[in-house]
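**Q** Dropping in coords03.pdb, with PDB, C-alpha atoms.
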ATOM      1  CA  MET A  49       8.312   4.598   2.763
ATOM      2  CA  LEU A  50       6.894   1.062   2.680
ATOM      3  CA  TYR A  51       3.388   2.571   2.665
ATOM      4  CA  LEU A  52       4.351   4.754  -0.308
ATOM      5  CA  PHE A  53       5.579   1.757  -2.318
ATOM      6  CA  GLY A  54       2.424  -0.136  -1.355
ATOM      7  CA  SER A  55       0.209   2.695  -2.571
ATOM      8  CA  ILE A  56       2.121   3.000  -5.867
ATOM      9  CA  PHE A  57       2.086  -0.742  -6.544
ATOM     10  CA  LEU A  58      -1.564  -1.332  -5.632
ATOM     11  CA  SER A  59      -2.845   1.767  -7.466
ATOM     12  CA  SER A  60      -0.897   0.757 -10.584
ATOM     13  CA  TYR A  61      -2.259  -2.771 -10.261
ATOM     14  CA  LEU A  62      -5.825  -1.436 -10.498
ATOM     15  CA  THR A  63      -5.272   0.184 -13.888
ATOM     16  CA  LEU A  64      -3.395  -2.848 -15.176
ATOM     17  CA  ALA A  65      -6.207  -5.118 -13.945
ATOM     18  CA  PHE A  66      -8.727  -3.317 -16.152
ATOM     19  CA  LYS A  67      -6.512  -4.062 -19.125
ATOM     20  CA  LEU A  68      -6.643  -7.762 -18.214
ATOM     21  CA  CYS A  69     -10.436  -7.567 -17.919
ATOM     22  CA  GLU A  70     -10.608  -6.867 -21.636
ATOM     23  CA  ARG A  71      -8.486  -9.934 -22.384
ATOM     24  CA  TYR A  72     -10.757 -12.242 -20.358
ATOM     25  CA  GLN A  73     -13.985 -10.532 -21.476
ATOM     26  CA  ILE A  74     -14.904  -9.376 -17.997
ATOM     27  CA  SER A  75     -17.865  -7.013 -17.647
ATOM     28  CA  ILE A  76     -16.268  -3.797 -16.412
ATOM     29  CA  PHE A  77     -19.438  -2.520 -14.780
ATOM     30  CA  GLN A  78     -20.147  -5.768 -12.921
ATOM     31  CA  ALA A  79     -16.532  -5.996 -11.739
ATOM     32  CA  ILE A  80     -16.658  -2.407 -10.470
ATOM     33  CA  VAL A  81     -19.909  -2.977  -8.536
ATOM     34  CA  TYR A  82     -18.528  -6.130  -6.912
ATOM     35  CA  ASN A  83     -15.303  -4.251  -6.253
ATOM     36  CA  TYR A  84     -17.082  -1.644  -4.124
ATOM     37  CA  ILE A  85     -19.037  -4.296  -2.236
ATOM     38  CA  THR A  86     -15.675  -5.920  -1.492
ATOM     39  CA  CYS A  87     -14.245  -2.559  -0.353
ATOM     40  CA  VAL A  88     -17.111  -2.156   2.144
ATOM     41  CA  LEU A  89     -16.611  -5.672   3.541
ATOM     42  CA  VAL A  90     -12.821  -5.368   3.774
ATOM     43  CA  GLY A  91     -13.069  -1.876   5.261
ATOM     44  CA  SER A  92     -15.546  -3.045   7.876
ATOM     45  CA  VAL A  93     -13.229  -5.904   8.878
ATOM     46  CA  VAL A  94     -10.270  -3.516   9.178
ATOM     47  CA  ASN A  95     -12.470  -1.023  11.050
ATOM     48  CA  GLY A  96     -13.686  -3.690  13.456
ATOM     49  CA  GLY A  97     -17.313  -3.307  12.417
ATOM     50  CA  PHE A  98     -19.686  -1.641   9.951
ATOM     51  CA  PRO A  99     -19.458   2.091  10.816
ATOM     52  CA  ILE A 100     -22.745   3.329   9.331
ATOM     53  CA  ASN A 101     -25.664   3.678  11.784
ATOM     54  CA  ALA A 102     -28.591   6.003  12.525
ATOM     55  CA  THR A 103     -26.238   8.629  13.954
ATOM     56  CA  THR A 104     -24.041   8.519  10.870
ATOM     57  CA  LEU A 105     -26.961   9.368   8.599
ATOM     58  CA  HIS A 106     -27.368  12.749  10.325
ATOM     59  CA  THR A 107     -23.717  13.826  10.189
ATOM     60  CA  LYS A 108     -22.735  16.733   7.960
ATOM     61  CA  TRP A 109     -20.278  14.649   5.987
ATOM     62  CA  PHE A 110     -22.612  11.726   5.126
ATOM     63  CA  GLN A 111     -24.311  13.537   2.227
ATOM     64  CA  TRP A 112     -20.878  14.310   0.818
ATOM     65  CA  ALA A 113     -19.942  10.644   1.192
ATOM     66  CA  CYS A 114     -22.963   9.808  -0.976
ATOM     67  CA  VAL A 115     -21.827  12.302  -3.627
ATOM     68  CA  MET A 116     -18.343  10.809  -3.403
ATOM     69  CA  GLY A 117     -19.861   7.355  -3.955
ATOM     70  CA  ILE A 118     -21.556   8.502  -7.159
ATOM     71  CA  MET A 119     -18.305  10.006  -8.393
ATOM     72  CA  PHE A 120     -16.401   6.879  -7.316
ATOM     73  CA  ILE A 121     -18.405   4.539  -9.501
ATOM     74  CA  ALA A 122     -18.593   6.950 -12.452
ATOM     75  CA  THR A 123     -14.852   7.687 -12.419
ATOM     76  CA  PHE A 124     -13.875   4.046 -11.936
ATOM     77  CA  ASN A 125     -15.943   3.100 -14.997
ATOM     78  CA  VAL A 126     -14.170   5.769 -17.045
ATOM     79  CA  ILE A 127     -10.794   4.481 -15.792
ATOM     80  CA  GLY A 128     -11.696   0.950 -16.897
ATOM     81  CA  ILE A 129     -12.919   1.996 -20.341
ATOM     82  CA  THR A 130      -9.969   4.362 -20.900
ATOM     83  CA  ALA A 131      -7.449   1.658 -19.941
ATOM     84  CA  GLN A 132      -8.986  -0.673 -22.513
ATOM     85  CA  LYS A 133      -9.479   1.860 -25.299
ATOM     86  CA  MET A 134      -6.451   4.149 -24.872
ATOM     87  CA  GLY A 135      -3.953   2.119 -22.867
ATOM     88  CA  VAL A 136      -2.591   2.070 -19.339
ATOM     89  CA  ALA A 137      -0.078   4.901 -19.802
ATOM     90  CA  VAL A 138      -2.669   7.384 -21.051
ATOM     91  CA  THR A 139      -5.048   6.366 -18.254
ATOM     92  CA  SER A 140      -2.421   6.821 -15.540
ATOM     93  CA  VAL A 141      -1.307  10.227 -16.794
ATOM     94  CA  SER A 142      -4.864  11.545 -17.223
ATOM     95  CA  ASN A 143      -5.892  10.214 -13.823
ATOM     96  CA  LYS A 144      -2.915  11.348 -11.778
ATOM     97  CA  LEU A 145      -2.306  14.726 -13.418
ATOM     98  CA  SER A 146      -5.841  15.640 -12.391
ATOM     99  CA  LEU A 147      -4.265  16.769  -9.116
ATOM    100  CA  ILE A 148      -3.909  20.212 -10.698
ATOM    101  CA  ILE A 149      -7.695  20.695 -10.394
ATOM    102  CA  PRO A 150      -7.735  20.587  -6.559
ATOM    103  CA  VAL A 151      -4.582  22.751  -6.604
ATOM    104  CA  VAL A 152      -6.364  25.401  -8.689
ATOM    105  CA  LEU A 153      -9.567  25.148  -6.629
ATOM    106  CA  SER A 154      -7.554  25.491  -3.413
ATOM    107  CA  VAL A 155      -6.394  28.887  -4.627
ATOM    108  CA  TYR A 156      -9.998  29.934  -5.226
ATOM    109  CA  LEU A 157     -11.649  28.324  -2.184
ATOM    110  CA  TYR A 158      -8.945  28.621   0.461
ATOM    111  CA  HIS A 159      -7.026  31.610  -0.936
ATOM    112  CA  GLU A 160      -3.786  29.637  -1.062
ATOM    113  CA  THR A 161      -0.883  31.224  -2.898
ATOM    114  CA  VAL A 162       0.765  29.533  -5.874
ATOM    115  CA  GLN A 163       4.490  29.964  -6.453
ATOM    116  CA  SER A 164       5.725  30.520 -10.002
ATOM    117  CA  TRP A 165       7.310  27.039 -10.200
ATOM    118  CA  LYS A 166       4.084  25.386  -9.108
ATOM    119  CA  LEU A 167       2.172  27.423 -11.695
ATOM    120  CA  LEU A 168       4.652  26.221 -14.333
ATOM    121  CA  GLY A 169       3.963  22.663 -13.164
ATOM    122  CA  VAL A 170       0.228  23.157 -13.715
ATOM    123  CA  ILE A 171       0.827  24.416 -17.260
ATOM    124  CA  LEU A 172       3.229  21.557 -18.042
ATOM    125  CA  ALA A 173       0.668  19.085 -16.696
ATOM    126  CA  LEU A 174      -1.925  20.248 -19.226
ATOM    127  CA  VAL A 175       0.618  19.952 -22.041
ATOM    128  CA  ALA A 176       1.640  16.496 -20.791
ATOM    129  CA  VAL A 177      -1.938  15.185 -21.029
ATOM    130  CA  VAL A 178      -2.179  16.351 -24.650
ATOM    131  CA  LEU A 179       1.189  14.823 -25.629
ATOM    132  CA  THR A 180       0.501  11.508 -23.913
ATOM    133  CA  CYS A 181      -2.831  11.128 -25.710
ATOM    134  CA  TYR A 182      -1.548  12.343 -29.085
ATOM    135  CA  GLN A 183      -1.940   9.693 -31.809
ATOM    136  CA  SER A 184      -2.072   6.966 -29.207
ATOM    137  CA  ASN A 185      -3.340   3.477 -29.909
ATOM    138  CA  ASP A 186      -4.697   0.709 -27.749
ATOM    139  CA  GLY A 187      -1.496  -1.327 -27.861
ATOM    140  CA  SER A 188      -2.824  -3.715 -30.505
ATOM    141  CA  GLY A 189      -1.945  -1.668 -33.521
ATOM    142  CA  LYS A 190      -5.563  -0.784 -34.241
ATOM    143  CA  PRO A 191      -6.422   2.891 -34.647
ATOM    144  CA  VAL A 192      -8.286   4.568 -31.832
ATOM    145  CA  GLY A 193     -11.713   6.042 -32.593
ATOM    146  CA  LYS A 194     -11.781   9.828 -32.516
ATOM    147  CA  TRP A 195     -14.460   9.889 -29.785
ATOM    148  CA  ASN A 196     -12.216   7.798 -27.542
ATOM    149  CA  TYR A 197      -9.911  10.805 -27.223
ATOM    150  CA  LEU A 198     -12.592  12.369 -25.023
ATOM    151  CA  LEU A 199     -12.140   9.589 -22.455
ATOM    152  CA  PRO A 200      -8.852  10.930 -20.995
ATOM    153  CA  ILE A 201     -10.422  14.400 -20.811
ATOM    154  CA  PHE A 202     -13.466  13.082 -18.914
ATOM    155  CA  LEU A 203     -11.128  11.090 -16.653
ATOM    156  CA  PHE A 204      -8.916  14.127 -16.064
ATOM    157  CA  ILE A 205     -11.875  16.322 -15.075
ATOM    158  CA  GLY A 206     -13.719  13.630 -13.111
ATOM    159  CA  SER A 207     -10.699  12.533 -11.078
ATOM    160  CA  GLY A 208      -9.758  16.134 -10.387
ATOM    161  CA  LEU A 209     -13.214  17.056  -9.121
ATOM    162  CA  LEU A 210     -13.306  13.890  -6.995
ATOM    163  CA  ASP A 211      -9.945  14.750  -5.429
ATOM    164  CA  ALA A 212     -11.128  18.305  -4.826
ATOM    165  CA  LEU A 213     -14.328  17.035  -3.158
ATOM    166  CA  ILE A 214     -12.409  14.663  -0.887
ATOM    167  CA  ASN A 215      -9.943  17.402   0.016
ATOM    168  CA  HIS A 216     -12.751  19.880   0.804
ATOM    169  CA  VAL A 217     -14.684  17.431   2.992
ATOM    170  CA  GLN A 218     -11.495  16.325   4.760
ATOM    171  CA  GLN A 219     -10.686  19.936   5.620
ATOM    172  CA  THR A 220     -14.235  20.908   6.570
ATOM    173  CA  TYR A 221     -16.030  17.962   8.173
ATOM    174  CA  VAL A 222     -13.819  14.902   8.644
ATOM    175  CA  SER A 223     -11.480  14.175  11.554
ATOM    176  CA  ILE A 224      -9.122  11.301  12.367
ATOM    177  CA  GLU A 225     -11.879   9.681  14.430
ATOM    178  CA  ASN A 226     -14.465   9.510  11.631
ATOM    179  CA  ASN A 227     -12.149   9.320   8.592
ATOM    180  CA  ASN A 228     -12.585   5.562   8.124
ATOM    181  CA  ALA A 229     -16.357   5.826   8.563
ATOM    182  CA  TYR A 230     -16.444   8.534   5.881
ATOM    183  CA  LEU A 231     -14.383   6.422   3.478
ATOM    184  CA  ILE A 232     -16.467   3.274   3.983
ATOM    185  CA  SER A 233     -19.659   5.363   3.597
ATOM    186  CA  GLY A 234     -18.408   6.512   0.200
ATOM    187  CA  PHE A 235     -17.704   2.916  -0.822
ATOM    188  CA  PHE A 236     -21.124   1.873   0.500
ATOM    189  CA  ALA A 237     -22.872   4.592  -1.529
ATOM    190  CA  ALA A 238     -21.012   3.495  -4.671
ATOM    191  CA  ALA A 239     -21.851  -0.164  -3.990
ATOM    192  CA  SER A 240     -25.538   0.637  -3.343
ATOM    193  CA  ILE A 241     -25.994   2.776  -6.452
ATOM    194  CA  GLY A 242     -24.091   0.313  -8.614
ATOM    195  CA  SER A 243     -26.046  -2.675  -7.242
ATOM    196  CA  ILE A 244     -29.402  -1.017  -7.996
ATOM    197  CA  ILE A 245     -28.366  -0.200 -11.564
ATOM    198  CA  LEU A 246     -26.928  -3.695 -12.049
ATOM    199  CA  LEU A 247     -30.074  -5.345 -10.674
ATOM    200  CA  VAL A 248     -32.288  -3.333 -13.024
ATOM    201  CA  GLN A 249     -30.076  -4.231 -15.977
ATOM    202  CA  MET A 250     -30.200  -7.925 -15.026
ATOM    203  CA  LEU A 251     -33.994  -7.839 -14.758
ATOM    204  CA  ARG A 252     -34.105  -6.247 -18.211
ATOM    205  CA  LYS A 253     -31.708  -8.964 -19.497
ATOM    206  CA  LYS A 254     -29.042  -6.411 -20.373
ATOM    207  CA  GLN A 255     -26.616  -7.956 -17.885
ATOM    208  CA  VAL A 256     -26.117 -11.611 -17.005
ATOM    209  CA  PHE A 257     -24.449 -12.766 -13.815
ATOM    210  CA  GLN A 258     -21.147 -14.541 -14.420
ATOM    211  CA  LEU A 259     -18.911 -15.911 -11.700
ATOM    212  CA  LYS A 260     -15.785 -14.559 -13.402
ATOM    213  CA  ASN A 261     -17.104 -11.001 -13.024
ATOM    214  CA  LEU A 262     -17.593 -11.526  -9.284
ATOM    215  CA  ILE A 263     -14.081 -12.978  -8.929
ATOM    216  CA  ALA A 264     -12.647 -10.043 -10.886
ATOM    217  CA  GLY A 265     -14.488  -7.607  -8.601
ATOM    218  CA  ILE A 266     -13.004  -9.246  -5.514
ATOM    219  CA  ILE A 267      -9.514  -9.293  -7.049
ATOM    220  CA  ILE A 268      -9.851  -5.569  -7.830
ATOM    221  CA  GLY A 269     -11.661  -4.587  -4.611
ATOM    222  CA  ILE A 270      -9.131  -5.829  -2.055
ATOM    223  CA  PRO A 271      -6.174  -3.930  -3.600
ATOM    224  CA  ASN A 272      -8.445  -0.920  -4.184
ATOM    225  CA  TYR A 273      -9.184  -0.590  -0.467
ATOM    226  CA  PHE A 274      -5.603  -1.181   0.632
ATOM    227  CA  SER A 275      -4.198   1.256  -1.944
ATOM    228  CA  ILE A 276      -6.095   4.008  -0.112
ATOM    229  CA  TRP A 277      -5.209   2.456   3.258
ATOM    230  CA  CYS A 278      -1.493   2.620   2.374
ATOM    231  CA  LEU A 279      -1.811   6.210   1.120
ATOM    232  CA  VAL A 280      -3.555   7.325   4.331
ATOM    233  CA  HIS A 281      -0.842   5.714   6.482
ATOM    234  CA  PHE A 282       1.878   7.269   4.322
ATOM    235  CA  LEU A 283       0.326  10.715   4.758
ATOM    236  CA  GLN A 284       0.010  10.146   8.509
ATOM    237  CA  ALA A 285       3.703   9.168   8.695
ATOM    238  CA  GLY A 286       4.541  12.761   7.705
ATOM    239  CA  VAL A 287       7.588  11.968   5.536
ATOM    240  CA  TRP A 288       6.713  15.054   3.453
ATOM    241  CA  PRO A 289       3.880  17.598   3.641
ATOM    242  CA  SER A 290       0.667  16.346   2.006
ATOM    243  CA  SER A 291       1.139  18.939  -0.766
ATOM    244  CA  ALA A 292       4.286  17.032  -1.746
ATOM    245  CA  SER A 293       3.365  13.487  -0.672
ATOM    246  CA  ILE A 294       0.343  13.141  -2.981
ATOM    247  CA  PRO A 295       2.186  14.383  -6.110
ATOM    248  CA  VAL A 296       5.140  12.075  -5.348
ATOM    249  CA  ASN A 297       2.694   9.169  -5.000
ATOM    250  CA  ASN A 298       1.087  10.103  -8.324
ATOM    251  CA  MET A 299       4.477  10.458 -10.001
ATOM    252  CA  GLY A 300       5.392   6.931  -8.924
ATOM    253  CA  ILE A 301       2.094   5.529 -10.202
ATOM    254  CA  VAL A 302       2.486   7.181 -13.618
ATOM    255  CA  LEU A 303       6.032   5.886 -14.041
ATOM    256  CA  PHE A 304       5.405   2.365 -12.690
ATOM    257  CA  SER A 305       2.150   1.893 -14.654
ATOM    258  CA  SER A 306       3.637   3.128 -17.921
ATOM    259  CA  VAL A 307       6.743   0.957 -17.745
ATOM    260  CA  THR A 308       4.802  -2.129 -16.604
ATOM    261  CA  ALA A 309       2.219  -1.744 -19.389
ATOM    262  CA  TRP A 310       5.051  -1.349 -21.901
ATOM    263  CA  VAL A 311       6.683  -4.574 -20.679
ATOM    264  CA  LEU A 312       3.617  -6.754 -20.015
ATOM    265  CA  PHE A 313       1.106  -5.548 -22.608
ATOM    266  CA  LYS A 314       3.540  -4.290 -25.244
ATOM    267  CA  GLU A 315       1.746  -0.942 -25.383
ATOM    268  CA  ARG A 316       3.335   0.930 -28.246
ATOM    269  CA  LEU A 317       3.923   4.551 -27.350
ATOM    270  CA  SER A 318       5.363   7.085 -29.764
ATOM    271  CA  LYS A 319       8.222   9.430 -28.878
ATOM    272  CA  ILE A 320       5.644  12.162 -28.384
ATOM    273  CA  ASN A 321       3.744   9.944 -25.918
ATOM    274  CA  TRP A 322       6.927   9.202 -23.955
ATOM    275  CA  MET A 323       7.716  12.911 -23.999
ATOM    276  CA  GLY A 324       4.320  13.510 -22.420
ATOM    277  CA  ILE A 325       5.023  10.938 -19.692
ATOM    278  CA  VAL A 326       8.393  12.513 -18.892
ATOM    279  CA  LEU A 327       6.774  15.956 -18.905
ATOM    280  CA  SER A 328       4.087  14.688 -16.527
ATOM    281  CA  LEU A 329       6.767  13.571 -14.057
ATOM    282  CA  ILE A 330       8.427  16.989 -14.256
ATOM    283  CA  ALA A 331       5.047  18.694 -13.776
ATOM    284  CA  ILE A 332       4.204  16.610 -10.718
ATOM    285  CA  TYR A 333       7.644  17.291  -9.233
ATOM    286  CA  LEU A 334       7.244  21.054  -9.735
ATOM    287  CA  ILE A 335       3.779  20.994  -8.152
ATOM    288  CA  ALA A 336       5.173  19.053  -5.179
ATOM    289  CA  PHE A 337       8.504  20.778  -4.584
ATOM    290  CA  GLY A 338       8.338  23.991  -6.626
ATOM    291  CA  ALA A 339       8.222  26.082  -3.465
ATOM    292  CA  ASN A 340      11.721  24.891  -2.522
ATOM    293  CA  PHE A 341      13.338  26.335  -5.672
TER     294      PHE A 341
END
Any chance you could give the structure as structure tokens?

**A**
Amino acid sequence: MLYLFGSIFLSSYLTLAFKLCERYQISIFQAIVYNYITCVLVGSVVNGGFPINATTLHTKWFQWACVMGIMFIATFNVIGITAQKMGVAVTSVSNKLSLIIPVVLSVYLYHETVQSWKLLGVILALVAVVLTCYQSNDGSGKPVGKWNYLLPIFLFIGSGLLDALINHVQQTYVSIENNNAYLISGFFAAASIGSIILLVQMLRKKQVFQLKNLIAGIIIGIPNYFSIWCLVHFLQAGVWPSSASIPVNNMGIVLFSSVTAWVLFKERLSKINWMGIVLSLIAIYLIAFGANF
């Protein structure tokens, strides 16, 4: 259970950190690029060496790792912007309720059956996203622009497709022996793509290197890697089946992030928003344990 608490705490920390980036005028994109470089370095140290070599490039899963890297950096940017524009609670709910997308795709791709309670959880999850985002503000009392309401939707879809991709590759190509190599390859792809874009922007004077952005990237990157490391070890411990473990992890992140943001950042959520958060917890529970009813 220690791994579960570690995953919840570190994953919540990531969303909260993006909120702090706004306060200290940190460049979100620069911090995210440096974050993925940090993930590669930390992962290589934990792995005992850099796992990508000539053989790796010809594996069936490497191309998927590259796709995952693209989705990593795109989704992480949306998480950062959504946390700043819409608040931590909305970001956490939109991000973690996206688990319904791989659930739905599993029915289509792997012909898995869905019990009525789990189906109810999927429906409640969609309602919860709407309620949590309804008439939300950024915690400062300023109204939120109407286009910003699309951010949680993009995050919901992007995170769900990313989870579905990871789940598909894990089931099809990845084993225990090459799991860490696959993960670091995804981080490396994200770091490479992000570094190229950042370099071009710097050459065009659209980005300027600042030490605080690098420090922020390192502060975000180390917990980012170990949040996944804790989740993997929790899943390997087999406390619950993975179909229940991941929703329970997400439920903890939604609750912890929302309460912490309310206490630390004074995010003002309406009764409807809190209703959405409570509904999201019920939805995640039904998706995880609905089969036992």

**Q** Report, in Å with one decimal, the straight-line distance from CA of Gln218 in chain A to CA of Ala113 in chain A.

**A** 10.8 Å

**Q** Restricting the calculation to only C-alpha atoms, which member of A:Asn321, A:Ser140, A:Asn95, A:Gln78 is positioned closest to Val175 in chain A?

**A** A:Asn321

**Q** Which residues fall under the PyMOL selection byres ((chain A and resi 132) around 9) in this file, as a list in words?

**A**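 That selection, the PyMOL selection byres ((chain A and resi 132) around 9), comes back as Phe66, Lys67, Leu68, Cys69, Glu70, Ile127, Gly128, Ile129, Thr130, Ala131, Lys133, Met134, Gly135, Val136 and Asp186 of chain A.
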
**Q** Here is a test: counting all atoms listed in the file, which residue of A:Val280, A:Ile241, A:Ile268, A:Ala212 is nearest to Asn228 in chain A?

**A**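 Looking at the shortest contact to Asn228 in chain A, the residue is A:Val280.
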
**Q** Neighbours of Val311 in chain A within 12 Å (only C-alpha atoms; same-chain residues fewer than 4 positions away dropped), as a count of residues only?

**A** 11

**Q** Would you mind reading off the distance between CA of Leu198 in chain A and CA of Met119 in chain A, one decimal, in Å?

**A**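 Answer for the CA of Leu198 in chain A to CA of Met119 in chain A separation: 17.7 Å.
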
**Q** Which residues would end up in the selection if the PyMOL selection byres ((chain A and resi 331) around 8) were applied here, given that I need the answer as a list in words?

**A**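 Checking the PyMOL selection byres ((chain A and resi 331) around 8) against this file, the residues are Leu168, Gly169, Val170, Ile171, Leu172, Ala173, Leu327, Ser328, Leu329, Ile330, Ile332, Tyr333, Leu334 and Ile335 of chain A.
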
**Q** Distance cut-off 10 Å, centre (0.6, 0.9, -3.1) in file coordinates, counting only C-alpha atoms: which residues qualify? Return them as a list in words.

**A**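 Residues with an atom at most 10 Å from (0.6, 0.9, -3.1): Leu50, Tyr51, Leu52, Phe53, Gly54, Ser55, Ile56, Phe57, Leu58, Ser59, Ser60, Tyr61, Pro271, Asn272, Phe274, Ser275, Ile276, Trp277, Cys278, Leu279, Phe282, Asn297, Gly300 and Ile301 of chain A.
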
**Q** Calculated over all atoms listed in the file, which of the candidates A:Gly206, A:Ala229, A:Asn125, A:Pro200 has the smallest distance to Gly96 in chain A?

**A**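 Nearest candidate to Gly96 in chain A out of A:Gly206, A:Ala229, A:Asn125, A:Pro200: A:Ala229.
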